[in-house]
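These notes are about the structure you will find just below.
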Amino acid sequence: MKYRELGKTGIKVSEVGFGLWTVSTGWWGKFTDEQAVAMIRKAFDLGVTLFDSADAYGDGRADLQLASALKDKRNRIVISTKFGYDFYNAPPRNGHQEGPQDFSPKFVKFACEEALKRLATDHIDIYQMHNPRLTTIQGDDLFALLEQLKTEGKIRCYGAALGPAIGWKVEGLAFLARSSTGMMQIIHNLFEQDPGCAFLDAARKNGNGFMVRVPHSSGLLEGKYSKDTTFEEDDHRSHRMKVNRDWLTYGLQKLEKVKFIYEGRDLTVGQAALKWLLSEPLIASTLPNIYNDEQLVEFTQAPDKADLSGSDIAKLAELYSRNFYVQQPAATA
């Protein structure tokens with residue numbers, strides 16, 4: 001494993017982190033708490049120090065899993081979590097339906113205290129607005145509270161985690177324009193670079209660091225899918241296919257075009273996808289969706305593999321500019 005500083009935060013993180021979204025929500029297969037705890041501990045043993053949670057993941061379940069797994073390792077890990085969804089007062093969500101948000105200082109202060117209890121810690125290293133809208137980012141009261149939480153030692157830095165879908169360009173650029181010492185978590189991968197590239201370009205001026213989730217395009221860049229692959233009804237990937245029915249079909253065609261970055265090399269396609277992201281200095285850590293121990297070992301070995309060459313990176317950029325030479329309707333690109 002290798003480690004990088006997250007922008008100007010002074011926080012060093014592992015180049016591959018562990019996102020608890022996968023093991024806590026039921027959207028990537030069903031995991032018991034015991035299975036989740038075992039995977040978290042194995043990740044730590046393999047050199048992972050960054051663990052990314054959210055209070056909305058399983059309505060607090062992810063935080064409890066992390067505390068159960070590593071509370072005795074608190075001084076050796078970086079806890080990243082998110083806030084903004086009010087699951088405390090909301091009815092249960094229907095599938096992937098987005099829950100109600102509350103970014104008022106009063107609620108965020110309450111949410112922070114509750115997260116600290118669940119995480120069994122006195123501070124959160126990285127505290128992120130969870131899918132904020134533009135009005136939230138433009139307001140001053142929330143930022144004042146976050147600065148207060150820093151002063152009180154309850155958080156070390158704050159940032160924004162953008163989503164839930166590919167997009168949110170206006171919100172991301174607005175956050176980068178007003179924050180020069182924080183971080184941002186984005187969806188970004190070889191097949192889905194908009195608006196990630198715009199965020200990275202904007203951040204070169206102020207030094208914000210990045211964490212990247214969905215680095216394998218929801219599994220396409222793991223090399224395990226075929227045209228006949230199906231997913232359970234409540235699986236996130238099934239949801240993606242409903243939103244964009246061509247996501248799998250055209251993704252598999254694109255995958256054929258990038259075989260040169262891993263075939264004949266000591267790399268899997270999943271590792272090569274992570275190496276592409278890590279070729280960008282502003283990206284401090286990647287957060288692959290990890291479903292089993294085999295993947296955990298595969299992905300945590302990626303940082304120690306040989307880097308992609310400059311010509312590899314240039315060819316991938318040319319392929320992306322041409323949509324990987326895949327004939328695809330513009331509406332589903």
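All residue names refer to the structure tokens as shown: chains lettered A, B, ... in order, residues numbered from 1 in each chain, ligands numbered from 1 in order.
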Considering only C-alpha atoms, return as a ChimeraX atom specification whatever protein or nucleic-acid residues lie within 8 Å of stretch 187-190 of chain A, sequence-local ones (same chain, fewer than 5 positions apart) excluded. /A:162-163,166,196,212-217,273,276-277,320
Those same residues - N, CA and C atoms - I'd like them written as a PDB file, in the first residue's frame.
```pdb
ATOM      1  N   LEU A 162     -20.196  14.590  -3.673  1.00  0.00           N
ATOM      2  CA  LEU A 162     -21.208  14.952  -4.659  1.00  0.00           C
ATOM      3  C   LEU A 162     -21.880  13.736  -5.264  1.00  0.00           C
ATOM      4  N   GLY A 163     -23.124  13.871  -5.574  1.00  0.00           N
ATOM      5  CA  GLY A 163     -23.926  12.827  -6.176  1.00  0.00           C
ATOM      6  C   GLY A 163     -25.381  13.216  -6.038  1.00  0.00           C
ATOM      7  N   ILE A 166     -24.206  10.858 -11.653  1.00  0.00           N
ATOM      8  CA  ILE A 166     -23.183  11.603 -12.381  1.00  0.00           C
ATOM      9  C   ILE A 166     -23.731  13.001 -12.658  1.00  0.00           C
ATOM     10  N   GLY A 196     -16.050  15.117 -13.479  1.00  0.00           N
ATOM     11  CA  GLY A 196     -14.842  14.958 -12.670  1.00  0.00           C
ATOM     12  C   GLY A 196     -13.648  15.722 -13.196  1.00  0.00           C
ATOM     13  N   VAL A 212     -12.167   9.368  -4.660  1.00  0.00           N
ATOM     14  CA  VAL A 212     -12.999   8.956  -5.791  1.00  0.00           C
ATOM     15  C   VAL A 212     -13.763   7.686  -5.451  1.00  0.00           C
ATOM     16  N   ARG A 213     -15.083   7.765  -5.557  1.00  0.00           N
ATOM     17  CA  ARG A 213     -15.889   6.563  -5.404  1.00  0.00           C
ATOM     18  C   ARG A 213     -16.388   6.098  -6.772  1.00  0.00           C
ATOM     19  N   VAL A 214     -16.899   4.901  -6.847  1.00  0.00           N
ATOM     20  CA  VAL A 214     -17.327   4.249  -8.086  1.00  0.00           C
ATOM     21  C   VAL A 214     -16.191   4.266  -9.124  1.00  0.00           C
ATOM     22  N   PRO A 215     -14.967   3.914  -8.723  1.00  0.00           N
ATOM     23  CA  PRO A 215     -13.839   3.989  -9.656  1.00  0.00           C
ATOM     24  C   PRO A 215     -13.878   2.937 -10.754  1.00  0.00           C
ATOM     25  N   HIS A 216     -14.774   1.960 -10.620  1.00  0.00           N
ATOM     26  CA  HIS A 216     -14.888   0.916 -11.641  1.00  0.00           C
ATOM     27  C   HIS A 216     -16.202   0.988 -12.414  1.00  0.00           C
ATOM     28  N   SER A 217     -16.832   2.171 -12.406  1.00  0.00           N
ATOM     29  CA  SER A 217     -18.095   2.350 -13.127  1.00  0.00           C
ATOM     30  C   SER A 217     -19.102   1.278 -12.730  1.00  0.00           C
ATOM     31  N   ALA A 273      -7.616   0.200 -13.740  1.00  0.00           N
ATOM     32  CA  ALA A 273      -8.554   1.314 -13.585  1.00  0.00           C
ATOM     33  C   ALA A 273      -8.170   2.190 -12.400  1.00  0.00           C
ATOM     34  N   TRP A 276      -5.009   4.213 -13.303  1.00  0.00           N
ATOM     35  CA  TRP A 276      -5.333   5.378 -14.129  1.00  0.00           C
ATOM     36  C   TRP A 276      -5.749   6.544 -13.244  1.00  0.00           C
ATOM     37  N   LEU A 277      -6.606   6.304 -12.271  1.00  0.00           N
ATOM     38  CA  LEU A 277      -7.032   7.366 -11.368  1.00  0.00           C
ATOM     39  C   LEU A 277      -5.852   7.914 -10.575  1.00  0.00           C
ATOM     40  N   TYR A 320     -11.215   8.250 -24.866  1.00  0.00           N
ATOM     41  CA  TYR A 320     -12.356   8.877 -24.199  1.00  0.00           C
ATOM     42  C   TYR A 320     -12.924   9.994 -25.059  1.00  0.00           C
TER      43      TYR A 320
END
```
As a list of chain:residue names, list the residues of stretch 85-284 of chain A assigned to strand (DSSP E or B) by DSSP on the backbone atoms of this structure.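 Result set for stretch 85-284 of chain A (strand (DSSP E or B)): A:Tyr85, A:Gln101, A:Ile124, A:Asp125, A:Ile126, A:Tyr127, A:Gln128, A:Met129, A:His130, A:Ile155, A:Arg156, A:Cys157, A:Tyr158, A:Gly159, A:Ala160, A:Ala161, A:Met183, A:Met184, A:Gln185, A:Ile186, A:Ile187, A:Gly209, A:Phe210, A:Met211, A:Val212, A:Arg213, A:Ile283, A:Ala284.
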Which residues are close to A:Leu173, i.e. within 7 Å by only C-alpha atoms, leaving aside same-chain residues fewer than 4 positions away? Reply as a VMD selection string. chain A and resid 169 177 199
Near A:Ser180, counting only C-alpha atoms, which residues have an atom at most 12 Å away, once you skip same-chain residues fewer than 6 positions from it, shown as a PDB file with N, CA and C atoms, in the first residue's frame?
```
ATOM      1  N   GLY A   7      -4.955  16.687  -0.323  1.00  0.00           N
ATOM      2  CA  GLY A   7      -4.894  18.121  -0.567  1.00  0.00           C
ATOM      3  C   GLY A   7      -4.026  18.830   0.441  1.00  0.00           C
ATOM      4  N   LYS A   8      -4.535  19.916   1.023  1.00  0.00           N
ATOM      5  CA  LYS A   8      -3.810  20.685   2.036  1.00  0.00           C
ATOM      6  C   LYS A   8      -4.332  20.417   3.446  1.00  0.00           C
ATOM      7  N   THR A   9      -5.033  19.298   3.622  1.00  0.00           N
ATOM      8  CA  THR A   9      -5.654  19.018   4.912  1.00  0.00           C
ATOM      9  C   THR A   9      -4.655  18.565   5.964  1.00  0.00           C
ATOM     10  N   CYS A 157     -11.184  18.181   9.145  1.00  0.00           N
ATOM     11  CA  CYS A 157     -11.405  18.938   7.917  1.00  0.00           C
ATOM     12  C   CYS A 157     -12.813  18.637   7.428  1.00  0.00           C
ATOM     13  N   TYR A 158     -13.291  19.457   6.501  1.00  0.00           N
ATOM     14  CA  TYR A 158     -14.604  19.197   5.934  1.00  0.00           C
ATOM     15  C   TYR A 158     -14.546  19.359   4.424  1.00  0.00           C
ATOM     16  N   GLY A 159     -15.559  18.784   3.769  1.00  0.00           N
ATOM     17  CA  GLY A 159     -15.607  18.841   2.318  1.00  0.00           C
ATOM     18  C   GLY A 159     -16.994  18.509   1.825  1.00  0.00           C
ATOM     19  N   LEU A 173     -18.249  23.029  -8.627  1.00  0.00           N
ATOM     20  CA  LEU A 173     -17.432  24.211  -8.931  1.00  0.00           C
ATOM     21  C   LEU A 173     -17.656  25.306  -7.902  1.00  0.00           C
ATOM     22  N   ALA A 174     -18.896  25.426  -7.415  1.00  0.00           N
ATOM     23  CA  ALA A 174     -19.179  26.428  -6.389  1.00  0.00           C
ATOM     24  C   ALA A 174     -18.444  26.104  -5.096  1.00  0.00           C
ATOM     25  N   ALA A 202     -10.355  22.673 -11.950  1.00  0.00           N
ATOM     26  CA  ALA A 202     -10.620  23.815 -11.075  1.00  0.00           C
ATOM     27  C   ALA A 202      -9.779  23.759  -9.809  1.00  0.00           C
ATOM     28  N   ALA A 203      -9.568  22.551  -9.291  1.00  0.00           N
ATOM     29  CA  ALA A 203      -8.845  22.395  -8.033  1.00  0.00           C
ATOM     30  C   ALA A 203      -7.345  22.630  -8.184  1.00  0.00           C
ATOM     31  N   ARG A 204      -6.838  22.592  -9.391  1.00  0.00           N
ATOM     32  CA  ARG A 204      -5.394  22.847  -9.567  1.00  0.00           C
ATOM     33  C   ARG A 204      -5.024  24.248  -9.114  1.00  0.00           C
ATOM     34  N   LYS A 205      -5.996  25.127  -9.041  1.00  0.00           N
ATOM     35  CA  LYS A 205      -5.729  26.501  -8.647  1.00  0.00           C
ATOM     36  C   LYS A 205      -5.703  26.692  -7.136  1.00  0.00           C
ATOM     37  N   ASN A 206      -6.360  25.779  -6.403  1.00  0.00           N
ATOM     38  CA  ASN A 206      -6.443  26.007  -4.955  1.00  0.00           C
ATOM     39  C   ASN A 206      -6.014  24.827  -4.094  1.00  0.00           C
ATOM     40  N   GLY A 207      -5.726  23.678  -4.702  1.00  0.00           N
ATOM     41  CA  GLY A 207      -5.122  22.596  -3.939  1.00  0.00           C
ATOM     42  C   GLY A 207      -6.048  21.687  -3.176  1.00  0.00           C
ATOM     43  N   ASN A 208      -7.358  21.719  -3.456  1.00  0.00           N
ATOM     44  CA  ASN A 208      -8.245  20.752  -2.828  1.00  0.00           C
ATOM     45  C   ASN A 208      -7.843  19.339  -3.240  1.00  0.00           C
ATOM     46  N   GLY A 209      -7.984  18.405  -2.312  1.00  0.00           N
ATOM     47  CA  GLY A 209      -7.702  17.013  -2.607  1.00  0.00           C
ATOM     48  C   GLY A 209      -8.983  16.255  -2.915  1.00  0.00           C
TER      49      GLY A 209
END
```
When DSSP works through the backbone of this structure, what residues of stretch 153-233 of chain A end up as helix (DSSP H, G or I), shown as a list of chain:residue names? A:Lys169, A:Val170, A:Glu171, A:Gly172, A:Leu173, A:Ala174, A:Phe175, A:Leu176, A:Ala177, A:Arg178, A:Gly196, A:Cys197, A:Ala198, A:Phe199, A:Leu200, A:Asp201, A:Ala202, A:Ala203, A:Leu220, A:Leu221, A:Glu222
With distances taken over only C-alpha atoms, the candidate from A:Arg41, A:Leu46, A:Leu278, A:Ala90 nearest A:Leu70 is A:Arg41
Mind checking which residues fall within 10 Å of A:Phe87, counting only C-alpha atoms, ignoring those fewer than 3 positions away in the same chain, and posting them as a PyMOL selection string? chain A and resi 55-60+84+90-93+99-102
Determine, counting only C-alpha atoms, which protein, DNA and RNA residues have an atom within 6 Å of an atom of A:His130; residues of the same chain fewer than 4 positions away are not included. Present the result as a PyMOL selection string. chain A and resi 82-84+161
I'd like the neighbourhood of stretch 111-122 of chain A as a PDB file with N, CA and C atoms, in the first residue's frame, where a residue qualifies if any of its atoms comes within 9 Å (using only C-alpha atoms), though same-chain residues fewer than 6 positions away should be ignored.
```pdb
ATOM      1  N   ALA A  54     -20.987   7.064   6.072  1.00  0.00           N
ATOM      2  CA  ALA A  54     -21.979   8.143   6.004  1.00  0.00           C
ATOM      3  C   ALA A  54     -23.061   7.792   6.994  1.00  0.00           C
ATOM      4  N   ASP A  55     -23.618   8.806   7.639  1.00  0.00           N
ATOM      5  CA  ASP A  55     -24.657   8.485   8.621  1.00  0.00           C
ATOM      6  C   ASP A  55     -25.889   7.885   7.951  1.00  0.00           C
ATOM      7  N   GLY A  60     -27.152   4.735   9.901  1.00  0.00           N
ATOM      8  CA  GLY A  60     -26.222   4.625  11.019  1.00  0.00           C
ATOM      9  C   GLY A  60     -25.508   3.298  11.100  1.00  0.00           C
ATOM     10  N   ARG A  61     -25.932   2.333  10.336  1.00  0.00           N
ATOM     11  CA  ARG A  61     -25.339   0.985  10.415  1.00  0.00           C
ATOM     12  C   ARG A  61     -23.860   0.988  10.057  1.00  0.00           C
ATOM     13  N   ASP A  63     -21.578   3.308  10.384  1.00  0.00           N
ATOM     14  CA  ASP A  63     -20.772   3.849  11.486  1.00  0.00           C
ATOM     15  C   ASP A  63     -20.565   2.802  12.568  1.00  0.00           C
ATOM     16  N   LEU A  64     -21.621   2.085  12.898  1.00  0.00           N
ATOM     17  CA  LEU A  64     -21.531   1.063  13.950  1.00  0.00           C
ATOM     18  C   LEU A  64     -20.631  -0.093  13.516  1.00  0.00           C
ATOM     19  N   GLN A  65     -20.693  -0.457  12.250  1.00  0.00           N
ATOM     20  CA  GLN A  65     -19.816  -1.517  11.742  1.00  0.00           C
ATOM     21  C   GLN A  65     -18.348  -1.109  11.874  1.00  0.00           C
ATOM     22  N   LEU A  66     -18.056   0.131  11.494  1.00  0.00           N
ATOM     23  CA  LEU A  66     -16.677   0.613  11.556  1.00  0.00           C
ATOM     24  C   LEU A  66     -16.171   0.649  12.990  1.00  0.00           C
ATOM     25  N   ALA A  67     -16.987   1.138  13.898  1.00  0.00           N
ATOM     26  CA  ALA A  67     -16.580   1.190  15.302  1.00  0.00           C
ATOM     27  C   ALA A  67     -16.354  -0.206  15.853  1.00  0.00           C
ATOM     28  N   SER A  68     -17.226  -1.129  15.509  1.00  0.00           N
ATOM     29  CA  SER A  68     -17.082  -2.502  15.989  1.00  0.00           C
ATOM     30  C   SER A  68     -15.798  -3.134  15.484  1.00  0.00           C
ATOM     31  N   LYS A  71     -12.404   0.199  16.487  1.00  0.00           N
ATOM     32  CA  LYS A  71     -12.310   1.230  17.524  1.00  0.00           C
ATOM     33  C   LYS A  71     -11.026   1.120  18.334  1.00  0.00           C
ATOM     34  N   ARG A  74      -8.127   3.223  16.540  1.00  0.00           N
ATOM     35  CA  ARG A  74      -8.543   4.584  16.173  1.00  0.00           C
ATOM     36  C   ARG A  74      -7.381   5.488  15.802  1.00  0.00           C
ATOM     37  N   ILE A  79     -10.998   8.317   9.678  1.00  0.00           N
ATOM     38  CA  ILE A  79     -12.448   8.149   9.560  1.00  0.00           C
ATOM     39  C   ILE A  79     -13.020   9.284   8.724  1.00  0.00           C
ATOM     40  N   THR A  81     -16.655  10.499   7.041  1.00  0.00           N
ATOM     41  CA  THR A  81     -18.086  10.244   7.034  1.00  0.00           C
ATOM     42  C   THR A  81     -18.823  11.454   6.481  1.00  0.00           C
ATOM     43  N   PHE A  83     -22.742  13.854   6.176  1.00  0.00           N
ATOM     44  CA  PHE A  83     -23.912  14.340   6.894  1.00  0.00           C
ATOM     45  C   PHE A  83     -24.847  15.064   5.932  1.00  0.00           C
ATOM     46  N   GLY A  84     -26.081  15.248   6.364  1.00  0.00           N
ATOM     47  CA  GLY A  84     -27.019  16.033   5.576  1.00  0.00           C
ATOM     48  C   GLY A  84     -28.369  15.381   5.360  1.00  0.00           C
ATOM     49  N   ASP A  86     -31.603  13.510   6.883  1.00  0.00           N
ATOM     50  CA  ASP A  86     -32.300  13.388   8.159  1.00  0.00           C
ATOM     51  C   ASP A  86     -33.100  12.086   8.194  1.00  0.00           C
ATOM     52  N   LEU A 149     -16.743  23.502  14.472  1.00  0.00           N
ATOM     53  CA  LEU A 149     -16.478  22.109  14.815  1.00  0.00           C
ATOM     54  C   LEU A 149     -14.986  21.790  14.694  1.00  0.00           C
ATOM     55  N   GLY A 153     -12.288  20.753  17.781  1.00  0.00           N
ATOM     56  CA  GLY A 153     -11.582  19.483  17.665  1.00  0.00           C
ATOM     57  C   GLY A 153     -12.479  18.301  17.347  1.00  0.00           C
ATOM     58  N   LYS A 154     -13.721  18.557  16.968  1.00  0.00           N
ATOM     59  CA  LYS A 154     -14.629  17.454  16.666  1.00  0.00           C
ATOM     60  C   LYS A 154     -14.473  16.948  15.236  1.00  0.00           C
ATOM     61  N   ILE A 155     -13.962  17.794  14.340  1.00  0.00           N
ATOM     62  CA  ILE A 155     -13.613  17.365  12.990  1.00  0.00           C
ATOM     63  C   ILE A 155     -12.255  17.958  12.644  1.00  0.00           C
TER      64      ILE A 155
END
```
Of the candidates A:Glu280, A:Thr300, A:Ile290, A:Ala314, which shows the shortest atom-to-atom distance to A:Ile261, using only C-alpha atoms? A:Ala314
